[in-house]
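Q: Sending over input-v6.txt (compact mmCIF, C-alpha atoms).
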```txt
# COMPACT_ATOMS: atom_id res chain seq x y z
CA MET A 28 71.78 163.16 94.34
CA LYS A 29 71.41 160.71 97.19
CA ARG A 30 68.40 159.13 95.42
CA GLN A 31 70.45 158.75 92.28
CA THR A 32 73.23 157.01 94.25
CA LYS A 33 70.72 154.53 95.69
CA LEU A 34 69.27 153.90 92.25
CA THR A 35 72.75 153.28 90.92
CA ALA A 36 73.39 150.73 93.68
CA GLN A 37 70.16 148.93 92.80
CA GLU A 38 71.10 148.98 89.15
CA GLN A 39 74.48 147.59 90.06
CA GLU A 40 72.85 144.73 91.98
CA GLN A 41 70.58 143.97 89.04
CA LEU A 42 73.54 144.10 86.71
CA ASP A 43 75.50 141.74 88.95
CA ALA A 44 72.53 139.34 89.08
CA ARG A 45 72.17 139.43 85.29
CA GLN A 46 75.90 138.78 84.88
CA GLN A 47 75.72 135.83 87.30
CA GLN A 48 72.76 134.39 85.41
CA ALA A 49 74.57 134.87 82.12
CA ALA A 50 77.70 133.21 83.50
CA ALA A 51 75.65 130.27 84.76
CA ALA A 52 73.95 129.87 81.39
CA ALA A 53 77.10 130.38 79.31
CA PRO A 54 78.77 127.36 77.75
CA ARG A 55 81.67 126.10 79.79
CA GLU A 56 84.71 124.45 78.28
CA PHE A 57 87.03 122.02 79.96
CA ALA A 58 90.48 121.30 78.62
CA SER A 59 90.54 117.76 79.99
CA VAL A 60 88.39 115.06 81.53
CA GLU A 61 90.17 115.53 84.84
CA GLU A 62 89.43 119.25 84.86
CA MET A 63 85.76 118.50 84.28
CA LEU A 64 85.65 115.94 87.07
CA ARG A 65 87.42 118.32 89.45
CA HIS A 66 84.88 121.02 88.67
CA ASP A 67 82.04 118.54 89.20
CA ALA A 68 83.51 117.47 92.54
CA GLN A 69 83.77 121.09 93.66
CA CYS A 70 80.13 121.67 92.70
CA THR A 71 78.95 118.56 94.55
CA PRO A 72 78.11 119.41 98.15
CA VAL A 73 78.63 116.86 100.89
CA PRO A 74 75.29 116.25 102.64
CA PRO A 75 75.57 117.74 106.15
CA ALA A 76 73.61 114.77 107.50
CA ILE A 77 76.73 112.60 107.13
CA ALA A 78 78.64 114.59 109.73
CA ARG A 79 75.73 114.46 112.17
CA ARG A 80 75.26 110.70 111.68
CA LEU A 81 78.98 110.09 112.02
CA GLU A 82 79.19 112.13 115.20
CA LYS A 83 76.36 110.08 116.72
CA SER A 84 77.86 106.79 115.55
CA VAL A 85 81.25 107.65 117.07
CA ARG A 86 79.57 108.70 120.32
CA ASP A 87 77.60 105.44 120.46
CA LEU A 88 80.58 103.18 119.88
CA PRO A 89 81.18 100.74 122.75
CA PRO A 90 84.23 101.54 124.88
CA PRO A 91 87.39 99.62 123.96
CA PRO A 92 87.81 96.38 125.93
CA ALA A 93 89.99 96.60 129.01
CA ARG A 94 93.45 95.03 128.72
CA ALA A 95 93.74 91.57 130.21
CA TRP A 96 95.48 91.46 133.61
CA TRP A 97 98.38 89.40 132.20
CA ARG A 98 98.93 91.95 129.42
CA ARG A 99 99.07 94.74 131.99
CA PHE A 100 101.36 92.60 134.20
CA PHE A 101 103.83 91.79 131.42
CA GLY A 102 103.48 95.18 129.80
CA SER A 103 102.63 93.81 126.36
CA MET B 17 82.68 115.04 120.26
CA SER B 18 81.28 118.34 121.37
CA GLU B 19 80.59 120.05 118.05
CA PRO B 20 79.48 118.87 114.61
CA LEU B 21 82.25 117.26 112.64
CA ALA B 22 81.78 119.38 109.56
CA GLU B 23 82.33 122.66 111.39
CA ARG B 24 85.96 121.99 112.15
CA GLU B 25 88.96 122.72 110.05
CA GLY B 26 92.55 121.69 110.45
CA PRO B 27 95.77 120.21 109.12
CA ASP B 28 96.39 116.74 107.77
CA ALA B 29 99.35 115.39 109.69
CA PRO B 30 99.58 111.59 109.74
CA GLN B 31 99.58 110.26 113.27
CA ALA B 32 98.18 107.14 114.87
CA GLY B 33 95.32 107.18 117.37
CA LEU B 34 93.64 110.46 116.58
CA ALA B 35 91.60 112.27 119.17
CA PRO B 36 87.97 112.81 118.19
CA SER B 37 88.67 116.48 117.44
CA ALA B 38 91.57 115.58 115.15
CA PHE B 39 89.39 113.00 113.47
CA ALA B 40 86.81 115.71 112.88
CA ASP B 41 89.56 117.70 111.16
CA LEU B 42 90.24 114.69 108.99
CA TYR B 43 86.59 114.49 108.04
CA THR B 44 86.45 118.16 107.15
CA ARG B 45 89.50 117.86 104.94
CA HIS B 46 88.65 114.68 103.06
CA SER B 47 84.89 114.16 103.16
CA ARG B 48 84.26 115.91 99.84
CA ALA B 49 86.74 113.70 97.99
CA ILE B 50 85.42 110.51 99.59
CA TYR B 51 81.76 111.44 99.08
CA TYR B 52 82.38 112.33 95.43
CA LEU B 53 84.16 109.04 94.78
CA CYS B 54 81.35 107.07 96.45
CA LEU B 55 78.70 109.05 94.57
CA ARG B 56 80.23 108.44 91.16
CA LEU B 57 81.08 104.80 91.86
CA LEU B 58 77.69 103.90 93.34
CA ASN B 59 75.57 106.20 91.17
CA ASP B 60 73.16 106.92 93.99
CA PRO B 61 73.26 109.91 96.41
CA GLY B 62 71.60 107.94 99.23
CA LYS B 63 74.00 105.02 98.92
CA ALA B 64 76.93 107.43 98.64
CA GLU B 65 75.84 109.14 101.86
CA ASP B 66 75.65 105.80 103.68
CA ALA B 67 78.97 104.69 102.23
CA THR B 68 80.76 107.91 103.22
CA HIS B 69 79.45 107.53 106.77
CA ASP B 70 80.58 103.90 106.89
CA VAL B 71 84.02 104.69 105.44
CA PHE B 72 84.76 107.34 108.06
CA LEU B 73 83.36 105.18 110.86
CA LYS B 74 85.62 102.32 109.76
CA ALA B 75 88.53 104.76 109.62
CA PHE B 76 87.75 105.96 113.13
CA CYS B 77 87.57 102.40 114.49
CA LYS B 78 90.73 101.29 112.68
CA GLN B 79 92.81 104.45 112.95
CA ASN B 80 95.38 102.67 115.11
CA GLN B 81 96.16 100.51 112.08
CA PHE B 82 97.24 103.60 110.14
CA ARG B 83 101.04 103.53 110.14
CA GLY B 84 101.72 106.72 108.23
CA GLU B 85 103.17 104.82 105.27
CA SER B 86 100.65 106.53 103.01
CA SER B 87 98.75 109.78 103.35
CA TRP B 88 95.47 109.87 105.23
CA ARG B 89 93.73 110.61 101.95
CA THR B 90 95.18 107.53 100.27
CA TRP B 91 94.24 105.41 103.29
CA LEU B 92 90.68 106.74 103.25
CA TYR B 93 90.44 106.18 99.50
CA ARG B 94 91.52 102.57 100.01
CA ILE B 95 88.77 101.99 102.57
CA ALA B 96 86.24 103.71 100.29
CA ILE B 97 87.22 101.72 97.20
CA ASN B 98 86.98 98.40 99.07
CA HIS B 99 83.69 99.40 100.63
CA CYS B 100 82.14 100.43 97.31
CA ARG B 101 83.45 97.29 95.60
CA ASN B 102 81.82 95.13 98.28
CA LEU B 103 78.54 97.01 97.91
CA LEU B 104 78.57 96.75 94.13
CA ALA B 105 79.38 93.06 94.27
CA ALA B 106 76.57 92.49 96.76
CA TRP B 107 74.07 94.40 94.66
CA HIS B 108 75.12 92.69 91.43
CA GLU B 109 75.48 96.07 89.83
CA ARG B 110 78.74 95.38 88.11
CA HIS B 111 78.45 95.62 84.36
CA MET B 112 80.64 93.39 82.27
CA LEU B 113 82.27 95.15 79.35
CA SER B 114 81.74 93.41 76.06
CA ASN B 115 84.37 93.34 73.36
CA ALA B 116 81.95 95.13 71.09
CA ASP B 117 81.92 98.14 73.44
CA GLU B 118 85.69 98.17 73.55
CA ALA B 119 85.89 98.07 69.79
CA LEU B 120 83.47 100.99 69.62
CA TRP B 121 85.83 103.20 71.61
CA GLU B 122 88.90 102.04 69.78
CA ASN B 123 87.41 102.73 66.36
CA THR B 124 85.59 105.94 67.18
CA ALA B 125 87.40 109.08 66.12
CA ALA B 126 87.09 110.90 69.43
CA ARG B 127 88.43 114.43 69.32
CA THR B 128 90.45 114.05 72.49
CA ASP B 129 92.42 117.21 71.81
CA SER B 130 89.40 119.51 71.61
CA PRO B 131 87.84 120.96 74.77
CA LEU B 132 84.75 119.39 76.27
CA ARG B 133 81.94 121.90 75.93
CA VAL B 134 79.03 121.95 78.33
CA VAL B 135 76.11 124.26 77.65
CA GLU B 136 74.08 123.60 80.77
CA ILE B 137 76.44 123.46 83.71
CA ARG B 138 73.69 122.22 86.03
CA GLU B 139 73.35 119.08 83.92
CA LEU B 140 77.04 118.39 84.11
CA GLY B 141 76.78 115.98 87.05
CA GLU B 142 74.11 113.88 85.34
CA ARG B 143 76.07 113.68 82.11
CA ILE B 144 79.29 112.78 83.91
CA GLN B 145 77.44 110.08 85.82
CA GLN B 146 76.00 108.66 82.59
CA ALA B 147 79.38 108.69 80.88
CA LEU B 148 81.14 107.05 83.85
CA ALA B 149 78.42 104.43 84.16
CA GLY B 150 79.18 103.34 80.59
CA LEU B 151 82.85 102.69 81.33
CA PRO B 152 84.52 99.59 82.72
CA GLY B 153 84.99 99.86 86.47
CA GLU B 154 88.76 100.14 86.15
CA TYR B 155 88.58 103.15 83.81
CA ARG B 156 85.97 104.82 86.01
CA LEU B 157 88.09 104.45 89.13
CA LEU B 158 91.28 105.58 87.38
CA LEU B 159 89.68 108.77 86.07
CA LEU B 160 88.13 109.64 89.43
CA LEU B 161 91.40 109.10 91.29
CA VAL B 162 93.61 110.88 88.77
CA ALA B 163 91.25 113.87 88.85
CA ASP B 164 92.21 114.34 92.50
CA GLU B 165 95.20 116.66 92.35
CA GLU B 166 96.38 115.47 95.76
CA LEU B 167 97.16 112.02 94.38
CA SER B 168 100.25 111.20 92.34
CA TYR B 169 100.31 108.53 89.62
CA GLU B 170 102.28 106.39 92.07
CA GLN B 171 99.54 106.71 94.69
CA VAL B 172 96.83 105.97 92.12
CA GLY B 173 98.85 102.94 91.07
CA ALA B 174 99.14 101.77 94.68
CA LEU B 175 95.38 102.15 95.15
CA THR B 176 94.55 100.25 91.98
CA GLY B 177 97.24 97.58 92.26
CA GLN B 178 99.44 98.56 89.32
CA SER B 179 102.50 100.60 88.46
CA ALA B 180 102.46 104.31 87.75
CA ASP B 181 103.44 103.54 84.15
CA ALA B 182 100.47 101.20 83.80
CA VAL B 183 98.23 103.98 85.15
CA ARG B 184 99.58 106.42 82.55
CA GLY B 185 99.07 103.87 79.79
CA LYS B 186 95.48 103.03 80.71
CA LEU B 187 94.59 106.63 81.38
CA HIS B 188 94.83 107.56 77.73
CA ARG B 189 92.28 104.89 76.82
CA ALA B 190 90.11 105.79 79.79
CA ARG B 191 90.00 109.47 78.75
CA LYS B 192 89.15 108.53 75.19
CA ALA B 193 86.39 106.17 76.31
CA PHE B 194 84.97 108.82 78.63
CA ILE B 195 84.92 111.46 75.91
CA VAL B 196 83.08 109.13 73.52
CA ARG B 197 80.53 108.30 76.19
CA PHE B 198 80.22 111.92 77.30
CA ARG B 199 79.50 113.15 73.79
CA GLN B 200 76.80 110.49 73.49
CA THR B 201 74.98 112.14 76.39
CA GLU B 202 74.44 115.37 74.44
```
What's the structure tokens form of this structure?
A:
Amino acid sequence: MKRQTKLTAQEQEQLDARQQQAAAAAPREFASVEEMLRHDAQCTPVPPAIARRLEKSVRDLPPPPARAWWRRFFGS
Amino acid sequence: MSEPLAEREGPDAPQAGLAPSAFADLYTRHSRAIYYLCLRLLNDPGKAEDATHDVFLKAFCKQNQFRGESSWRTWLYRIAINHCRNLLAAWHERHMLSNADEALWENTAARTDSPLRVVEIRELGERIQQALAGLPGEYRLLLLLVADEELSYEQVGALTGQSADAVRGKLHRARKAFIVRFRQTE
């Protein structure tokens, strides 16, 4: 009985995989150009390298220039 | 910044002079939209990656200029559009639209009311890129911006220098032109 349960789970996994493959291969319809572009945007991953590069670039930025003495004096 | 930018999540409340952690939140929230716009405008993943980096770095350096009169997303889009325009102008990659092309769209009986069917979803990006590349720059930008549900017609109009009514008017032609081009990629 236990063996049968395990077999059923494996079958279920195979079935799920087949369904996913079928869904990926099935024709997809979009009601509008915007819907298609939104779907495309959602399927387009942002390269993780951008975040790493940006973090480094921000870290390497020069410190902001100190305020001139007369600006500090007059509070402007 | 102590942790990678992309690992953070957070709200999108306009405020001037963001702390690095809040800026990381901004990146997490808007990087997909900005990267996608750059990718489809520049038609090159490497250039889009560089452009997205440069857009957010500019935003970080100039965040004190953000007055909260628009949303952060609109502000970032504005920087991205200007940046991509400068790149395209520098690379001489702008394509002039001939009257013959325009006539083709106007006279083609595009079934704009029927759904767009895609058999191979993995080829969708390539086909969209091909179709967009065949459009005038204005149509391409309008479609990409209007597809973002976070932007209103008024915001799209502000970004493209025209009224919301003008956006609505041009959008119909832009959709039709895209559909003609998209079907040619089959």
Q: Record the distance separating atom CA of B:Asp164 and atom CA of A:Arg65, expressed in Å with one decimal.
A: 6.9 Å
Q: Taking only C-alpha atoms into account, produce a table as CSV in which each residue of chain A with an atom at most 12 Å from an atom of chain B appears once, together with its shortest atom pair and the distance in Å to one decimal, ordered by chain and rising number.
A:
```
residue,atom,partner,partner_atom,distance
A:Gln48,CA,B:Ile137,CA,11.7
A:Ala49,CA,B:Glu136,CA,11.4
A:Ala50,CA,B:Ile137,CA,9.8
A:Ala51,CA,B:Ile137,CA,6.9
A:Ala52,CA,B:Glu136,CA,6.3
A:Ala53,CA,B:Val135,CA,6.4
A:Pro54,CA,B:Val135,CA,4.1
A:Arg55,CA,B:Val134,CA,5.1
A:Glu56,CA,B:Arg133,CA,4.4
A:Phe57,CA,B:Leu132,CA,5.1
A:Ala58,CA,B:Pro131,CA,4.7
A:Ser59,CA,B:Pro131,CA,6.7
A:Val60,CA,B:Arg191,CA,6.4
A:Glu61,CA,B:Ala163,CA,4.5
A:Glu62,CA,B:Ala163,CA,6.9
A:Met63,CA,B:Leu132,CA,8.1
A:Leu64,CA,B:Ala163,CA,6.2
A:Arg65,CA,B:Ala163,CA,5.9
A:His66,CA,B:Leu140,CA,9.4
A:Asp67,CA,B:Gly141,CA,6.2
A:Ala68,CA,B:Tyr52,CA,6.0
A:Gln69,CA,B:Arg48,CA,8.1
A:Cys70,CA,B:Gly141,CA,8.7
A:Thr71,CA,B:Tyr52,CA,7.2
A:Pro72,CA,B:Arg48,CA,7.3
A:Val73,CA,B:Arg48,CA,5.8
A:Pro74,CA,B:Glu65,CA,7.2
A:Pro75,CA,B:Ala22,CA,7.3
A:Ala76,CA,B:Glu65,CA,8.3
A:Ile77,CA,B:His69,CA,5.8
A:Ala78,CA,B:Leu21,CA,5.4
A:Arg79,CA,B:Pro20,CA,6.3
A:Arg80,CA,B:His69,CA,7.2
A:Leu81,CA,B:His69,CA,5.9
A:Glu82,CA,B:Leu21,CA,6.5
A:Lys83,CA,B:Met17,CA,8.8
A:Ser84,CA,B:Leu73,CA,7.4
A:Val85,CA,B:Leu73,CA,7.0
A:Arg86,CA,B:Met17,CA,7.1
A:Asp87,CA,B:Met17,CA,10.9
A:Leu88,CA,B:Cys77,CA,8.9
A:Pro89,CA,B:Cys77,CA,10.6
A:Pro90,CA,B:Cys77,CA,10.9
A:Pro91,CA,B:Cys77,CA,9.9
```
Q: I need the residue nearest B:Ser168 from this list: B:Arg189, B:Arg156, B:Arg89, B:Lys74. Use all atoms listed in the file for the distance.
A: B:Arg89
Q: Could you work out how far atom CA of B:Leu57 lies from atom CA of B:Ala149, giving the answer in Å with one decimal?
A: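 Pair atom CA of B:Ala149 / atom CA of B:Leu57 returns 8.2 Å.
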Q: Just to confirm, what's the straight-line distance from atom CA of B:Leu167 to atom CA of B:Glu139 in Å (one decimal)?
A: 26.9 Å
Q: Considering all atoms listed in the file, can you say which of B:Leu104, B:Leu92, B:Leu187, B:Ile97 comes closest to B:Tyr169?
A: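 Once distances to B:Tyr169 are computed over all atoms listed in the file, the minimum belongs to B:Leu187.
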Q: Could you check which of B:Arg101, B:Arg94, B:His188, B:Arg197 is closest to B:Ala174, using all atoms listed in the file?
A: B:Arg94
Q: Reconstruct stretch 81-100 of chain A at the level of N, CA and C atoms, and format the result as a PDB file, in the coordinates of the input.
A:
```pdb
ATOM      1  N   LEU A  81      77.672 110.603 111.629  1.00  0.00           N
ATOM      2  CA  LEU A  81      78.980 110.090 112.020  1.00  0.00           C
ATOM      3  C   LEU A  81      79.293 110.462 113.466  1.00  0.00           C
ATOM      4  N   GLU A  82      78.955 111.685 113.825  1.00  0.00           N
ATOM      5  CA  GLU A  82      79.190 112.130 115.200  1.00  0.00           C
ATOM      6  C   GLU A  82      78.435 111.243 116.189  1.00  0.00           C
ATOM      7  N   LYS A  83      77.182 110.934 115.846  1.00  0.00           N
ATOM      8  CA  LYS A  83      76.360 110.080 116.720  1.00  0.00           C
ATOM      9  C   LYS A  83      76.936 108.660 116.763  1.00  0.00           C
ATOM     10  N   SER A  84      77.327 108.155 115.603  1.00  0.00           N
ATOM     11  CA  SER A  84      77.860 106.790 115.550  1.00  0.00           C
ATOM     12  C   SER A  84      79.129 106.663 116.381  1.00  0.00           C
ATOM     13  N   VAL A  85      79.998 107.670 116.294  1.00  0.00           N
ATOM     14  CA  VAL A  85      81.250 107.650 117.070  1.00  0.00           C
ATOM     15  C   VAL A  85      80.943 107.714 118.555  1.00  0.00           C
ATOM     16  N   ARG A  86      79.956 108.555 118.905  1.00  0.00           N
ATOM     17  CA  ARG A  86      79.570 108.700 120.320  1.00  0.00           C
ATOM     18  C   ARG A  86      79.001 107.394 120.860  1.00  0.00           C
ATOM     19  N   ASP A  87      78.276 106.667 120.017  1.00  0.00           N
ATOM     20  CA  ASP A  87      77.600 105.440 120.460  1.00  0.00           C
ATOM     21  C   ASP A  87      78.479 104.200 120.409  1.00  0.00           C
ATOM     22  N   LEU A  88      79.697 104.350 119.951  1.00  0.00           N
ATOM     23  CA  LEU A  88      80.580 103.180 119.880  1.00  0.00           C
ATOM     24  C   LEU A  88      80.822 102.628 121.287  1.00  0.00           C
ATOM     25  N   PRO A  89      80.889 101.290 121.425  1.00  0.00           N
ATOM     26  CA  PRO A  89      81.180 100.740 122.750  1.00  0.00           C
ATOM     27  C   PRO A  89      82.617 101.086 123.153  1.00  0.00           C
ATOM     28  N   PRO A  90      82.860 101.230 124.451  1.00  0.00           N
ATOM     29  CA  PRO A  90      84.230 101.540 124.880  1.00  0.00           C
ATOM     30  C   PRO A  90      85.164 100.403 124.533  1.00  0.00           C
ATOM     31  N   PRO A  91      86.438 100.692 124.296  1.00  0.00           N
ATOM     32  CA  PRO A  91      87.390  99.620 123.960  1.00  0.00           C
ATOM     33  C   PRO A  91      87.522  98.651 125.131  1.00  0.00           C
ATOM     34  N   PRO A  92      87.702  97.359 124.840  1.00  0.00           N
ATOM     35  CA  PRO A  92      87.810  96.380 125.930  1.00  0.00           C
ATOM     36  C   PRO A  92      89.036  96.658 126.796  1.00  0.00           C
ATOM     37  N   ALA A  93      88.863  96.399 128.086  1.00  0.00           N
ATOM     38  CA  ALA A  93      89.990  96.600 129.010  1.00  0.00           C
ATOM     39  C   ALA A  93      91.085  95.575 128.723  1.00  0.00           C
ATOM     40  N   ARG A  94      92.344  95.958 128.960  1.00  0.00           N
ATOM     41  CA  ARG A  94      93.450  95.030 128.720  1.00  0.00           C
ATOM     42  C   ARG A  94      93.418  93.920 129.760  1.00  0.00           C
ATOM     43  N   ALA A  95      93.718  92.717 129.301  1.00  0.00           N
ATOM     44  CA  ALA A  95      93.740  91.570 130.210  1.00  0.00           C
ATOM     45  C   ALA A  95      94.809  91.799 131.297  1.00  0.00           C
ATOM     46  N   TRP A  96      94.564  91.221 132.488  1.00  0.00           N
ATOM     47  CA  TRP A  96      95.480  91.460 133.610  1.00  0.00           C
ATOM     48  C   TRP A  96      96.906  91.034 133.268  1.00  0.00           C
ATOM     49  N   TRP A  97      97.032  89.903 132.511  1.00  0.00           N
ATOM     50  CA  TRP A  97      98.380  89.400 132.200  1.00  0.00           C
ATOM     51  C   TRP A  97      99.093  90.306 131.206  1.00  0.00           C
ATOM     52  N   ARG A  98      98.299  91.006 130.334  1.00  0.00           N
ATOM     53  CA  ARG A  98      98.930  91.950 129.420  1.00  0.00           C
ATOM     54  C   ARG A  98      99.457  93.162 130.194  1.00  0.00           C
ATOM     55  N   ARG A  99      98.620  93.610 131.177  1.00  0.00           N
ATOM     56  CA  ARG A  99      99.070  94.740 131.990  1.00  0.00           C
ATOM     57  C   ARG A  99     100.299  94.344 132.798  1.00  0.00           C
ATOM     58  N   PHE A 100     100.286  93.091 133.339  1.00  0.00           N
ATOM     59  CA  PHE A 100     101.360  92.600 134.200  1.00  0.00           C
ATOM     60  C   PHE A 100     102.684  92.520 133.428  1.00  0.00           C
TER      61      PHE A 100
END
```
